>>> print(open('start.tsv').read())   # TSV, C-alpha atoms
chain	number	residue	atom	x	y	z
A	1	MET	CA	20.83	11.57	2.03
A	2	ASN	CA	20.99	12.38	-1.69
A	3	SER	CA	17.95	13.02	-3.86
A	4	LYS	CA	18.06	9.72	-5.75
A	5	LEU	CA	18.21	7.64	-2.57
A	6	LYS	CA	15.25	9.58	-1.20
A	7	GLY	CA	13.36	8.82	-4.42
A	8	PHE	CA	13.97	5.09	-4.11
A	9	ILE	CA	12.81	5.12	-0.49
A	10	TYR	CA	9.65	7.04	-1.39
A	11	GLY	CA	9.00	4.67	-4.31
A	12	ILE	CA	9.36	1.60	-2.10
A	13	ILE	CA	7.02	3.12	0.50
A	14	THR	CA	4.47	3.84	-2.26
A	15	SER	CA	4.38	0.29	-3.60
A	16	VAL	CA	4.54	-1.43	-0.21
A	17	THR	CA	1.75	0.70	1.29
A	18	PHE	CA	-0.50	0.09	-1.72
A	19	GLY	CA	0.20	-3.63	-1.41
A	20	LEU	CA	-1.10	-3.46	2.18
A	21	ILE	CA	-4.72	-3.16	1.01
A	22	PRO	CA	-5.48	-6.86	1.73
A	23	LEU	CA	-4.01	-6.58	5.24
A	24	PHE	CA	-6.69	-4.07	6.26
A	25	THR	CA	-9.50	-5.21	3.93
A	26	LEU	CA	-9.65	-8.98	4.45
A	27	PRO	CA	-10.28	-8.77	8.25
A	28	LEU	CA	-13.26	-6.51	7.51
A	29	MET	CA	-14.59	-8.99	4.96
A	30	GLN	CA	-14.11	-11.86	7.40
A	31	LYS	CA	-16.40	-10.01	9.81
A	32	GLY	CA	-19.12	-9.87	7.18
A	33	MET	CA	-18.64	-6.38	5.78
A	34	CYS	CA	-19.47	-5.94	2.09
A	35	SER	CA	-17.28	-4.16	-0.44
A	36	ASP	CA	-19.56	-1.10	-0.76
A	37	SER	CA	-19.49	-0.37	2.97
A	38	ILE	CA	-15.72	-0.86	3.22
A	39	LEU	CA	-15.06	1.46	0.29
A	40	LEU	CA	-17.48	4.11	1.53
A	41	TYR	CA	-15.74	4.22	4.92
A	42	ARG	CA	-12.30	4.11	3.27
A	43	PHE	CA	-12.83	7.04	0.93
A	44	THR	CA	-14.72	9.08	3.51
A	45	ALA	CA	-11.73	8.82	5.83
A	46	ALA	CA	-9.24	9.44	3.00
A	47	THR	CA	-11.15	12.53	1.82
A	48	ALA	CA	-11.21	13.90	5.36
A	49	ALA	CA	-7.47	13.26	5.76
A	50	LEU	CA	-6.60	15.01	2.48
A	51	GLY	CA	-8.96	17.88	3.29
A	52	ILE	CA	-7.24	18.41	6.64
A	53	MET	CA	-3.87	18.30	4.87
A	54	LEU	CA	-4.96	20.99	2.39
A	55	LEU	CA	-6.22	23.15	5.26
A	56	ILE	CA	-2.97	22.78	7.20
A	57	ARG	CA	-0.99	23.71	4.10
A	58	LYS	CA	-3.42	26.60	3.44
A	59	GLU	CA	-3.95	25.39	-0.14
A	60	SER	CA	-6.99	26.56	-2.07
A	61	PHE	CA	-9.94	24.19	-2.60
A	62	ARG	CA	-11.16	26.25	-5.54
A	63	ILE	CA	-11.50	24.53	-8.92
A	64	PRO	CA	-13.01	25.73	-12.23
A	65	LEU	CA	-16.63	24.66	-12.70
A	66	ARG	CA	-15.75	23.21	-16.11
A	67	ASP	CA	-13.45	20.67	-14.42
A	68	VAL	CA	-16.26	19.11	-12.37
A	69	PRO	CA	-17.56	16.77	-15.16
A	70	LEU	CA	-14.00	15.59	-15.85
A	71	ILE	CA	-13.36	14.88	-12.18
A	72	LEU	CA	-16.64	12.96	-12.01
A	73	ILE	CA	-15.50	10.78	-14.92
A	74	LEU	CA	-12.19	10.16	-13.17
A	75	SER	CA	-14.07	9.24	-10.01
A	76	LEU	CA	-16.19	6.72	-11.93
A	77	PHE	CA	-13.03	5.05	-13.26
A	78	TYR	CA	-11.48	5.05	-9.78
A	79	THR	CA	-14.68	3.70	-8.25
A	80	ALA	CA	-14.83	0.85	-10.77
A	81	SER	CA	-11.18	-0.02	-10.16
A	82	SER	CA	-11.54	-0.10	-6.35
A	83	LEU	CA	-14.87	-1.94	-6.36
A	84	PHE	CA	-13.85	-4.66	-8.83
A	85	LEU	CA	-10.58	-5.27	-6.96
A	86	LEU	CA	-12.45	-5.91	-3.71
A	87	TYR	CA	-14.89	-8.16	-5.54
A	88	GLY	CA	-11.83	-10.08	-6.68
A	89	TYR	CA	-10.73	-10.52	-3.07
A	90	GLU	CA	-14.06	-12.26	-2.41
A	91	VAL	CA	-13.52	-14.98	-5.04
A	92	MET	CA	-9.74	-15.52	-5.08
A	93	GLY	CA	-6.63	-14.96	-3.00
A	94	ALA	CA	-5.71	-11.35	-2.34
A	95	GLY	CA	-2.18	-11.85	-3.69
A	96	VAL	CA	-3.42	-13.31	-6.97
A	97	ALA	CA	-6.10	-10.61	-7.35
A	98	THR	CA	-3.56	-7.83	-6.75
A	99	THR	CA	-1.17	-9.39	-9.26
A	100	ILE	CA	-3.86	-9.58	-11.95
A	101	HIS	CA	-4.82	-5.98	-11.17
A	102	PHE	CA	-1.17	-5.02	-11.71
A	103	THR	CA	-1.60	-5.71	-15.44
A	104	TYR	CA	-2.95	-2.15	-15.73
A	105	PRO	CA	0.19	-0.84	-17.56
A	106	ILE	CA	-0.63	-3.36	-20.30
A	107	PHE	CA	-4.12	-1.90	-20.67
A	108	VAL	CA	-2.71	1.62	-20.66
A	109	THR	CA	-0.59	0.63	-23.66
A	110	MET	CA	-3.45	-1.10	-25.47
A	111	LEU	CA	-5.91	1.76	-24.90
A	112	MET	CA	-3.37	4.36	-26.02
A	113	LEU	CA	-2.86	2.33	-29.20
A	114	MET	CA	-6.58	1.96	-29.92
A	115	LEU	CA	-7.79	5.40	-28.89
A	116	PHE	CA	-4.84	7.65	-29.71
A	117	ARG	CA	-2.93	5.59	-32.32
A	118	GLU	CA	0.18	5.71	-30.17
A	119	LYS	CA	2.97	3.68	-31.80
A	120	THR	CA	3.75	0.37	-30.13
A	121	THR	CA	7.08	-1.45	-30.29
A	122	LEU	CA	7.89	-5.17	-30.54
A	123	THR	CA	8.97	-5.03	-26.90
A	124	VAL	CA	5.48	-3.94	-25.89
A	125	TRP	CA	3.82	-6.77	-27.81
A	126	ILE	CA	6.15	-9.29	-26.16
A	127	ALA	CA	5.16	-7.82	-22.81
A	128	VAL	CA	1.45	-8.19	-23.67
A	129	LEU	CA	1.97	-11.88	-24.51
A	130	LEU	CA	3.89	-12.43	-21.27
A	131	ALA	CA	1.11	-10.78	-19.27
A	132	VAL	CA	-1.54	-12.97	-20.91
A	133	ALA	CA	0.62	-16.03	-20.22
A	134	GLY	CA	1.05	-14.93	-16.61
A	135	VAL	CA	-2.69	-14.54	-16.02
A	136	ALA	CA	-3.28	-17.92	-17.70
A	137	ARG	CA	-0.63	-19.53	-15.47
A	138	LEU	CA	-2.34	-18.13	-12.40
A	139	SER	CA	-5.70	-19.45	-13.62
A	140	LEU	CA	-4.73	-22.89	-14.93
A	141	ARG	CA	-3.38	-25.93	-13.14
A	142	GLY	CA	-2.96	-29.21	-14.97
A	143	GLY	CA	-5.02	-27.92	-17.88
A	144	GLU	CA	-7.97	-27.08	-15.63
A	145	LEU	CA	-9.16	-23.72	-14.36
A	146	THR	CA	-8.27	-23.15	-10.70
A	147	LEU	CA	-9.69	-19.63	-10.62
A	148	ASP	CA	-13.23	-18.61	-11.38
A	149	PRO	CA	-13.15	-17.14	-14.92
A	150	ALA	CA	-15.73	-14.54	-13.85
A	151	GLY	CA	-13.47	-13.59	-10.93
A	152	VAL	CA	-10.46	-13.14	-13.23
A	153	ALA	CA	-12.61	-11.04	-15.58
A	154	VAL	CA	-13.77	-8.84	-12.69
A	155	VAL	CA	-10.20	-8.15	-11.53
A	156	LEU	CA	-9.13	-7.43	-15.11
A	157	LEU	CA	-11.96	-4.87	-15.21
A	158	SER	CA	-10.34	-3.34	-12.12
A	159	ALA	CA	-7.09	-3.02	-14.09
A	160	VAL	CA	-8.96	-1.51	-17.05
A	161	GLY	CA	-10.63	1.00	-14.72
A	162	TYR	CA	-7.30	2.09	-13.26
A	163	ALA	CA	-5.71	2.27	-16.73
A	164	SER	CA	-8.62	4.44	-17.91
A	165	TYR	CA	-8.11	6.69	-14.88
A	166	ILE	CA	-4.41	7.18	-15.73
A	167	ILE	CA	-5.14	7.91	-19.40
A	168	ALA	CA	-7.95	10.33	-18.55
A	169	VAL	CA	-5.62	12.30	-16.29
A	170	ASN	CA	-2.78	12.36	-18.81
A	171	LYS	CA	-4.97	13.31	-21.77
A	172	SER	CA	-7.04	16.00	-20.07
A	173	ARG	CA	-6.34	19.45	-18.70
A	174	LEU	CA	-6.59	17.98	-15.18
A	175	ARG	CA	-2.94	16.94	-15.45
A	176	GLU	CA	-2.14	20.59	-14.70
A	177	MET	CA	-4.06	20.53	-11.39
A	178	HIS	CA	-2.06	20.01	-8.19
A	179	SER	CA	-2.05	16.28	-7.42
A	180	ARG	CA	-3.21	16.65	-3.80
A	181	LYS	CA	-6.17	18.78	-4.83
A	182	LEU	CA	-7.07	16.43	-7.68
A	183	ALA	CA	-6.84	13.40	-5.38
A	184	PHE	CA	-9.04	15.17	-2.82
A	185	TYR	CA	-11.83	15.80	-5.32
A	186	VAL	CA	-11.54	12.33	-6.88
A	187	PHE	CA	-11.85	10.81	-3.40
A	188	LEU	CA	-14.72	13.19	-2.55
A	189	PHE	CA	-16.71	12.27	-5.67
A	190	THR	CA	-15.90	8.58	-5.17
A	191	THR	CA	-17.26	8.86	-1.63
A	192	LEU	CA	-20.46	10.44	-2.96
A	193	ILE	CA	-20.84	7.67	-5.56
A	194	PHE	CA	-20.56	4.97	-2.91
A	195	ALA	CA	-22.87	6.92	-0.60
A	196	VAL	CA	-25.54	6.99	-3.32
A	197	LYS	CA	-24.96	3.32	-4.16
A	198	THR	CA	-25.18	2.09	-0.57
A	199	GLY	CA	-28.10	4.42	0.19
A	200	TRP	CA	-30.03	3.20	-2.85
A	201	GLN	CA	-29.44	-0.43	-1.91
A	202	GLU	CA	-29.79	0.28	1.83
A	203	SER	CA	-26.62	-1.77	2.28
A	204	LEU	CA	-24.48	0.42	4.55
A	205	GLN	CA	-23.24	-1.68	7.44
A	206	PRO	CA	-22.09	-0.33	10.81
A	207	LEU	CA	-18.50	-1.04	11.80
A	208	PRO	CA	-18.54	-4.31	13.80
A	209	ASP	CA	-16.07	-3.22	16.48
A	210	ALA	CA	-13.21	-0.88	17.39
A	211	VAL	CA	-10.65	-3.08	15.61
A	212	SER	CA	-12.62	-2.68	12.36
A	213	ALA	CA	-12.62	1.10	12.82
A	214	VAL	CA	-8.84	1.01	13.20
A	215	ASN	CA	-8.55	-1.08	10.01
A	216	ILE	CA	-10.67	1.48	8.13
A	217	VAL	CA	-8.45	4.33	9.30
A	218	LEU	CA	-5.29	2.43	8.36
A	219	LEU	CA	-6.81	1.50	4.99
A	220	ALA	CA	-7.56	5.17	4.31
A	221	VAL	CA	-4.19	6.43	5.50
A	222	ALA	CA	-1.59	3.86	4.37
A	223	PRO	CA	-2.61	2.55	0.91
A	224	THR	CA	-4.62	5.64	0.00
A	225	VAL	CA	-3.24	8.93	1.36
A	226	ILE	CA	0.38	7.97	2.17
A	227	SER	CA	0.85	6.02	-1.06
A	228	ASN	CA	-0.40	9.02	-3.04
A	229	ILE	CA	1.92	11.51	-1.29
A	230	THR	CA	5.02	9.31	-1.51
A	231	LEU	CA	4.23	8.61	-5.17
A	232	LEU	CA	4.44	12.33	-5.90
A	233	LEU	CA	7.71	12.62	-3.97
A	234	ALA	CA	9.21	9.58	-5.71
A	235	VAL	CA	8.37	10.93	-9.16
A	236	ARG	CA	9.90	14.27	-8.19
A	237	HIS	CA	13.22	12.66	-7.15
A	238	ILE	CA	13.68	9.74	-9.58
A	239	GLY	CA	11.03	10.21	-12.29
A	240	GLY	CA	8.01	8.20	-13.33
A	241	THR	CA	9.85	5.28	-14.93
A	242	LEU	CA	11.86	4.17	-11.91
A	243	THR	CA	8.88	4.81	-9.63
A	244	SER	CA	6.73	2.55	-11.81
A	245	ILE	CA	9.35	-0.20	-11.73
A	246	LEU	CA	9.34	-0.07	-7.94
A	247	GLY	CA	5.57	-0.53	-8.21
A	248	ALA	CA	6.31	-4.20	-8.93
A	249	LEU	CA	6.57	-4.55	-5.15
A	250	GLU	CA	2.79	-4.03	-4.88
A	251	PRO	CA	1.69	-7.56	-5.87
A	252	VAL	CA	4.74	-9.05	-4.17
A	253	THR	CA	3.67	-7.39	-0.90
A	254	ALA	CA	0.08	-8.57	-1.34
A	255	VAL	CA	1.18	-12.16	-2.08
A	256	CYS	CA	3.43	-12.21	1.01
A	257	ILE	CA	0.60	-10.86	3.19
A	258	GLY	CA	-1.84	-13.41	1.76
A	259	ALA	CA	0.53	-16.30	2.41
A	260	LEU	CA	2.04	-15.23	5.75
A	261	VAL	CA	-0.91	-13.51	7.44
A	262	PHE	CA	-3.98	-15.18	5.97
A	263	GLY	CA	-2.54	-18.60	5.14
A	264	GLU	CA	-3.27	-18.45	1.41
A	265	ALA	CA	-1.63	-21.19	-0.64
A	266	PHE	CA	1.39	-20.16	-2.70
A	267	THR	CA	2.36	-22.66	-5.40
A	268	ALA	CA	5.16	-22.82	-7.95
A	269	GLY	CA	2.57	-22.16	-10.66
A	270	GLU	CA	1.45	-18.96	-8.97
A	271	ALA	CA	5.09	-17.91	-8.55
A	272	THR	CA	5.63	-18.45	-12.29
A	273	GLY	CA	2.51	-16.49	-13.21
A	274	ILE	CA	3.49	-13.60	-10.95
A	275	LEU	CA	7.02	-13.57	-12.39
A	276	LEU	CA	5.70	-13.45	-15.99
A	277	ILE	CA	3.38	-10.55	-15.16
A	278	LEU	CA	6.11	-8.59	-13.39
A	279	ILE	CA	8.49	-9.12	-16.34
A	280	ALA	CA	5.76	-7.94	-18.71
A	281	VAL	CA	5.12	-4.78	-16.71
A	282	VAL	CA	8.84	-3.95	-16.46
A	283	LEU	CA	9.17	-4.47	-20.23
A	284	ILE	CA	6.25	-2.09	-20.80
A	285	ILE	CA	7.82	0.54	-18.58
A	286	LEU	CA	11.27	0.17	-20.14
A	287	SER	CA	10.10	-0.39	-23.73
A	288	ARG	CA	11.45	2.93	-25.06
A	289	SER	CA	14.78	2.48	-23.30
A	290	ILE	CA	15.09	-1.11	-24.56
A	291	GLN	CA	14.18	-0.07	-28.10
A	292	GLY	CA	16.79	2.71	-28.00
A	293	ARG	CA	19.50	0.37	-26.73
A	294	LEU	CA	18.68	-2.24	-29.38
A	295	ALA	CA	18.85	0.42	-32.11
A	296	LEU	CA	22.22	1.58	-30.77
A	297	LEU	CA	23.51	-2.02	-30.65
A	298	LEU	CA	22.38	-2.72	-34.22
A	299	LYS	CA	24.04	0.48	-35.36
A	300	ARG	CA	27.32	-0.61	-33.80
A	301	ILE	CA	27.35	-4.14	-35.19
A	302	ARG	CA	25.94	-3.30	-38.63
A	303	PRO	CA	28.64	-3.67	-41.33
A	304	ARG	CA	29.82	-0.42	-42.78
A	305	HIS	CA	30.63	-0.19	-46.47
A	306	ILE	CA	33.44	2.13	-47.40
>>> encode(input="start.tsv", output="structure tokens")
Amino acid sequence: MNSKLKGFIYGIITSVTFGLIPLFTLPLMQKGMCSDSILLYRFTAATAALGIMLLIRKESFRIPLRDVPLILILSLFYTASSLFLLYGYEVMGAGVATTIHFTYPIFVTMLMLMLFREKTTLTVWIAVLLAVAGVARLSLRGGELTLDPAGVAVVLLSAVGYASYIIAVNKSRLREMHSRKLAFYVFLFTTLIFAVKTGWQESLQPLPDAVSAVNIVLLAVAPTVISNITLLLAVRHIGGTLTSILGALEPVTAVCIGALVFGEAFTAGEATGILLILIAVVLIILSRSIQGRLALLLKRIRPRHI
């Protein structure tokens, strides 16, 4: 098996496993578990799994003390993203919530423009308009809102949180830290944040039964640990751009699970909204390539004066 084929397989595994979040989360919610308890159990298990992995690989846990505040900030962004996404599951379909969350590349672009004055192309602005149209199409039916505006806003905050997490990694010295170690400490701090939150509110719930415990383990392993490891492998083999494009399978997986497993309605309007968002994200990812190809095309067709 050649390197590129391996990369595509790893990329598909990454997006599909991340899209499995509703499969393991919704049954827990249906049994009355709140978001804080689910996330505390999830990240506790994920931290333990990554810690065991580092021990098996005999990798050092040591980090510079000066990196601790930065990791805490990353953990706050990651906490916000995870918490707001689960809140979204409570007020709308999991497939729709995951799709709205998948607008995070749009927010990455907008934040980079506002905070770091990164140049933005016409392709990117078209993608932003398509994403806005996609979210509107998911929210409107016959001129009336079919989704709770507050719910849409909450899930968009999840996307903003994840976008902020990506930017903070890329613009800080933490980008030089090994990804497994960084993920371990982000998960560890996230666990501590949820532990403090649930302890303060006295809201930690026991797991209802053995099936719920299995769902927690699968939630920690598949869309958390496995997706992180295969993401690293995919980027190594095919690069970040192609891996990100394959990430479009995340909301598609979540929509399919919502419709097939949990009986969520799937209308033509939702299909249109999802398609617009996916097109927008792909345009964002490929914006530089598209801009380069357009410049090359214009150069070829531009009249030359002798």
>>> closest_residue(input="start.tsv", among="A:Met177, A:Val282, A:Ile274, A:Met33", to="A:Phe61", atoms="only C-alpha atoms")
A:Met177
>>> closest_residue(input="start.tsv", among="A:Pro149, A:Gly32, A:Pro64, A:Pro27", to="A:Arg173", atoms="only C-alpha atoms")
A:Pro64
>>> atom_distance(input="start.tsv", atom1="atom CA of A:Ala45", atom2="atom CA of A:Gln30")
20.9 Å
>>> atom_distance(input="start.tsv", atom1="atom CA of A:Leu156", atom2="atom CA of A:Ile100")
6.5 Å
>>> closest_residue(input="start.tsv", among="A:Ala94, A:Ala210, A:Ala280, A:Leu192", to="A:Phe266", atoms="only C-alpha atoms")
A:Ala94
>>> residues_around(input="start.tsv", residues="A:Ala234", least_positions_apart="2", cutoff="7 Å", atoms="only C-alpha atoms", output="ChimeraX atom specification")
/A:7-8,10-11,230-232,236-239,243
>>> closest_residue(input="start.tsv", among="A:Leu278, A:Tyr185, A:Ala150, A:Leu115", to="A:Thr103", atoms="all atoms listed in the file")
A:Leu278
>>> closest_residue(input="start.tsv", among="A:Leu188, A:Ile277, A:Leu283, A:Ala213", to="A:Gly51", atoms="all atoms listed in the file")
A:Leu188
>>> atom_distance(input="start.tsv", atom1="atom CA of A:Val196", atom2="atom CA of A:Gly19")
27.9 Å
>>> residues_around(input="start.tsv", residues="A:Ser164", least_positions_apart="6", cutoff="8 Å", atoms="all atoms listed in the file", output="list in words")
Phe77, Val108 and Leu111 of chain A
>>> residues_around(input="start.tsv", residues="stretch 168-170 of chain A", least_positions_apart="5", cutoff="10 Å", atoms="only C-alpha atoms", output="ChimeraX atom specification")
/A:70-71,73-74,77,162-163,175-177,182
>>> residues_around(input="start.tsv", residues="A:Arg180", least_positions_apart="4", cutoff="8 Å", atoms="only C-alpha atoms", output="compact mmCIF listing (two decimals) with C-alpha atoms, keeping the file's coordinate frame")
# COMPACT_ATOMS: atom_id res chain seq x y z
CA LEU A 50 -6.60 15.01 2.48
CA LEU A 54 -4.96 20.99 2.39
CA PHE A 184 -9.04 15.17 -2.82
CA ILE A 229 1.92 11.51 -1.29
>>> decode(input="start.tsv", residues="stretch 163-183 of chain A", atoms="N, CA, C and O atoms", output="mmCIF file, in the first residue's frame")
data_model
loop_
_atom_site.group_PDB
_atom_site.id
_atom_site.type_symbol
_atom_site.label_atom_id
_atom_site.label_comp_id
_atom_site.auth_asym_id
_atom_site.auth_seq_id
_atom_site.Cartn_x
_atom_site.Cartn_y
_atom_site.Cartn_z
ATOM 1 N N ALA A 163 -12.163 27.041 16.257
ATOM 2 C CA ALA A 163 -11.323 27.882 15.401
ATOM 3 C C ALA A 163 -10.261 28.603 16.230
ATOM 4 O O ALA A 163 -9.099 28.707 15.825
ATOM 5 N N SER A 164 -10.655 29.092 17.399
ATOM 6 C CA SER A 164 -9.710 29.773 18.288
ATOM 7 C C SER A 164 -8.626 28.810 18.765
ATOM 8 O O SER A 164 -7.458 29.185 18.893
ATOM 9 N N TYR A 165 -9.020 27.571 19.023
ATOM 10 C CA TYR A 165 -8.062 26.540 19.433
ATOM 11 C C TYR A 165 -7.018 26.313 18.340
ATOM 12 O O TYR A 165 -5.812 26.279 18.616
ATOM 13 N N ILE A 166 -7.471 26.185 17.094
ATOM 14 C CA ILE A 166 -6.557 25.955 15.968
ATOM 15 C C ILE A 166 -5.589 27.127 15.804
ATOM 16 O O ILE A 166 -4.374 26.948 15.645
ATOM 17 N N ILE A 167 -6.125 28.357 15.868
ATOM 18 C CA ILE A 167 -5.294 29.542 15.692
ATOM 19 C C ILE A 167 -4.285 29.668 16.825
ATOM 20 O O ILE A 167 -3.107 29.993 16.608
ATOM 21 N N ALA A 168 -4.726 29.395 18.048
ATOM 22 C CA ALA A 168 -3.823 29.496 19.204
ATOM 23 C C ALA A 168 -2.666 28.523 19.087
ATOM 24 O O ALA A 168 -1.527 28.849 19.444
ATOM 25 N N VAL A 169 -2.941 27.328 18.585
ATOM 26 C CA VAL A 169 -1.860 26.354 18.375
ATOM 27 C C VAL A 169 -0.899 26.846 17.306
ATOM 28 O O VAL A 169 0.329 26.848 17.488
ATOM 29 N N ASN A 170 -1.463 27.283 16.180
ATOM 30 C CA ASN A 170 -0.623 27.674 15.039
ATOM 31 C C ASN A 170 0.186 28.939 15.299
ATOM 32 O O ASN A 170 1.267 29.113 14.733
ATOM 33 N N LYS A 171 -0.313 29.815 16.138
ATOM 34 C CA LYS A 171 0.357 31.098 16.367
ATOM 35 C C LYS A 171 1.160 31.137 17.667
ATOM 36 O O LYS A 171 1.629 32.199 18.069
ATOM 37 N N SER A 172 1.302 30.007 18.321
ATOM 38 C CA SER A 172 2.083 29.969 19.554
ATOM 39 C C SER A 172 3.233 28.980 19.416
ATOM 40 O O SER A 172 3.291 28.200 18.465
ATOM 41 N N ARG A 173 4.121 28.990 20.380
ATOM 42 C CA ARG A 173 5.257 28.068 20.349
ATOM 43 C C ARG A 173 4.824 26.621 20.574
ATOM 44 O O ARG A 173 5.619 25.699 20.369
ATOM 45 N N LEU A 174 3.568 26.414 20.999
ATOM 46 C CA LEU A 174 3.084 25.054 21.251
ATOM 47 C C LEU A 174 3.009 24.222 19.977
ATOM 48 O O LEU A 174 2.912 22.993 20.042
ATOM 49 N N ARG A 175 3.051 24.880 18.817
ATOM 50 C CA ARG A 175 3.016 24.117 17.570
ATOM 51 C C ARG A 175 4.257 23.231 17.413
ATOM 52 O O ARG A 175 4.249 22.286 16.617
ATOM 53 N N GLU A 176 5.311 23.537 18.197
ATOM 54 C CA GLU A 176 6.526 22.732 18.140
ATOM 55 C C GLU A 176 6.458 21.506 19.058
ATOM 56 O O GLU A 176 7.269 20.603 18.961
ATOM 57 N N MET A 177 5.466 21.484 19.967
ATOM 58 C CA MET A 177 5.343 20.359 20.894
ATOM 59 C C MET A 177 4.767 19.156 20.169
ATOM 60 O O MET A 177 3.943 19.296 19.251
ATOM 61 N N HIS A 178 5.195 17.950 20.554
ATOM 62 C CA HIS A 178 4.672 16.735 19.941
ATOM 63 C C HIS A 178 3.158 16.685 20.137
ATOM 64 O O HIS A 178 2.640 16.965 21.225
ATOM 65 N N SER A 179 2.432 16.342 19.067
ATOM 66 C CA SER A 179 0.976 16.414 19.086
ATOM 67 C C SER A 179 0.349 15.528 20.151
ATOM 68 O O SER A 179 -0.645 15.914 20.787
ATOM 69 N N ARG A 180 0.893 14.326 20.360
ATOM 70 C CA ARG A 180 0.322 13.435 21.376
ATOM 71 C C ARG A 180 0.460 14.041 22.773
ATOM 72 O O ARG A 180 -0.469 13.986 23.575
ATOM 73 N N LYS A 181 1.642 14.600 23.036
ATOM 74 C CA LYS A 181 1.860 15.212 24.350
ATOM 75 C C LYS A 181 0.955 16.422 24.543
ATOM 76 O O LYS A 181 0.363 16.611 25.614
ATOM 77 N N LEU A 182 0.843 17.255 23.494
ATOM 78 C CA LEU A 182 -0.009 18.435 23.582
ATOM 79 C C LEU A 182 -1.462 18.027 23.803
ATOM 80 O O LEU A 182 -2.161 18.596 24.650
ATOM 81 N N ALA A 183 -1.928 17.021 23.055
ATOM 82 C CA ALA A 183 -3.307 16.546 23.217
ATOM 83 C C ALA A 183 -3.533 16.017 24.629
ATOM 84 O O ALA A 183 -4.585 16.259 25.234
#
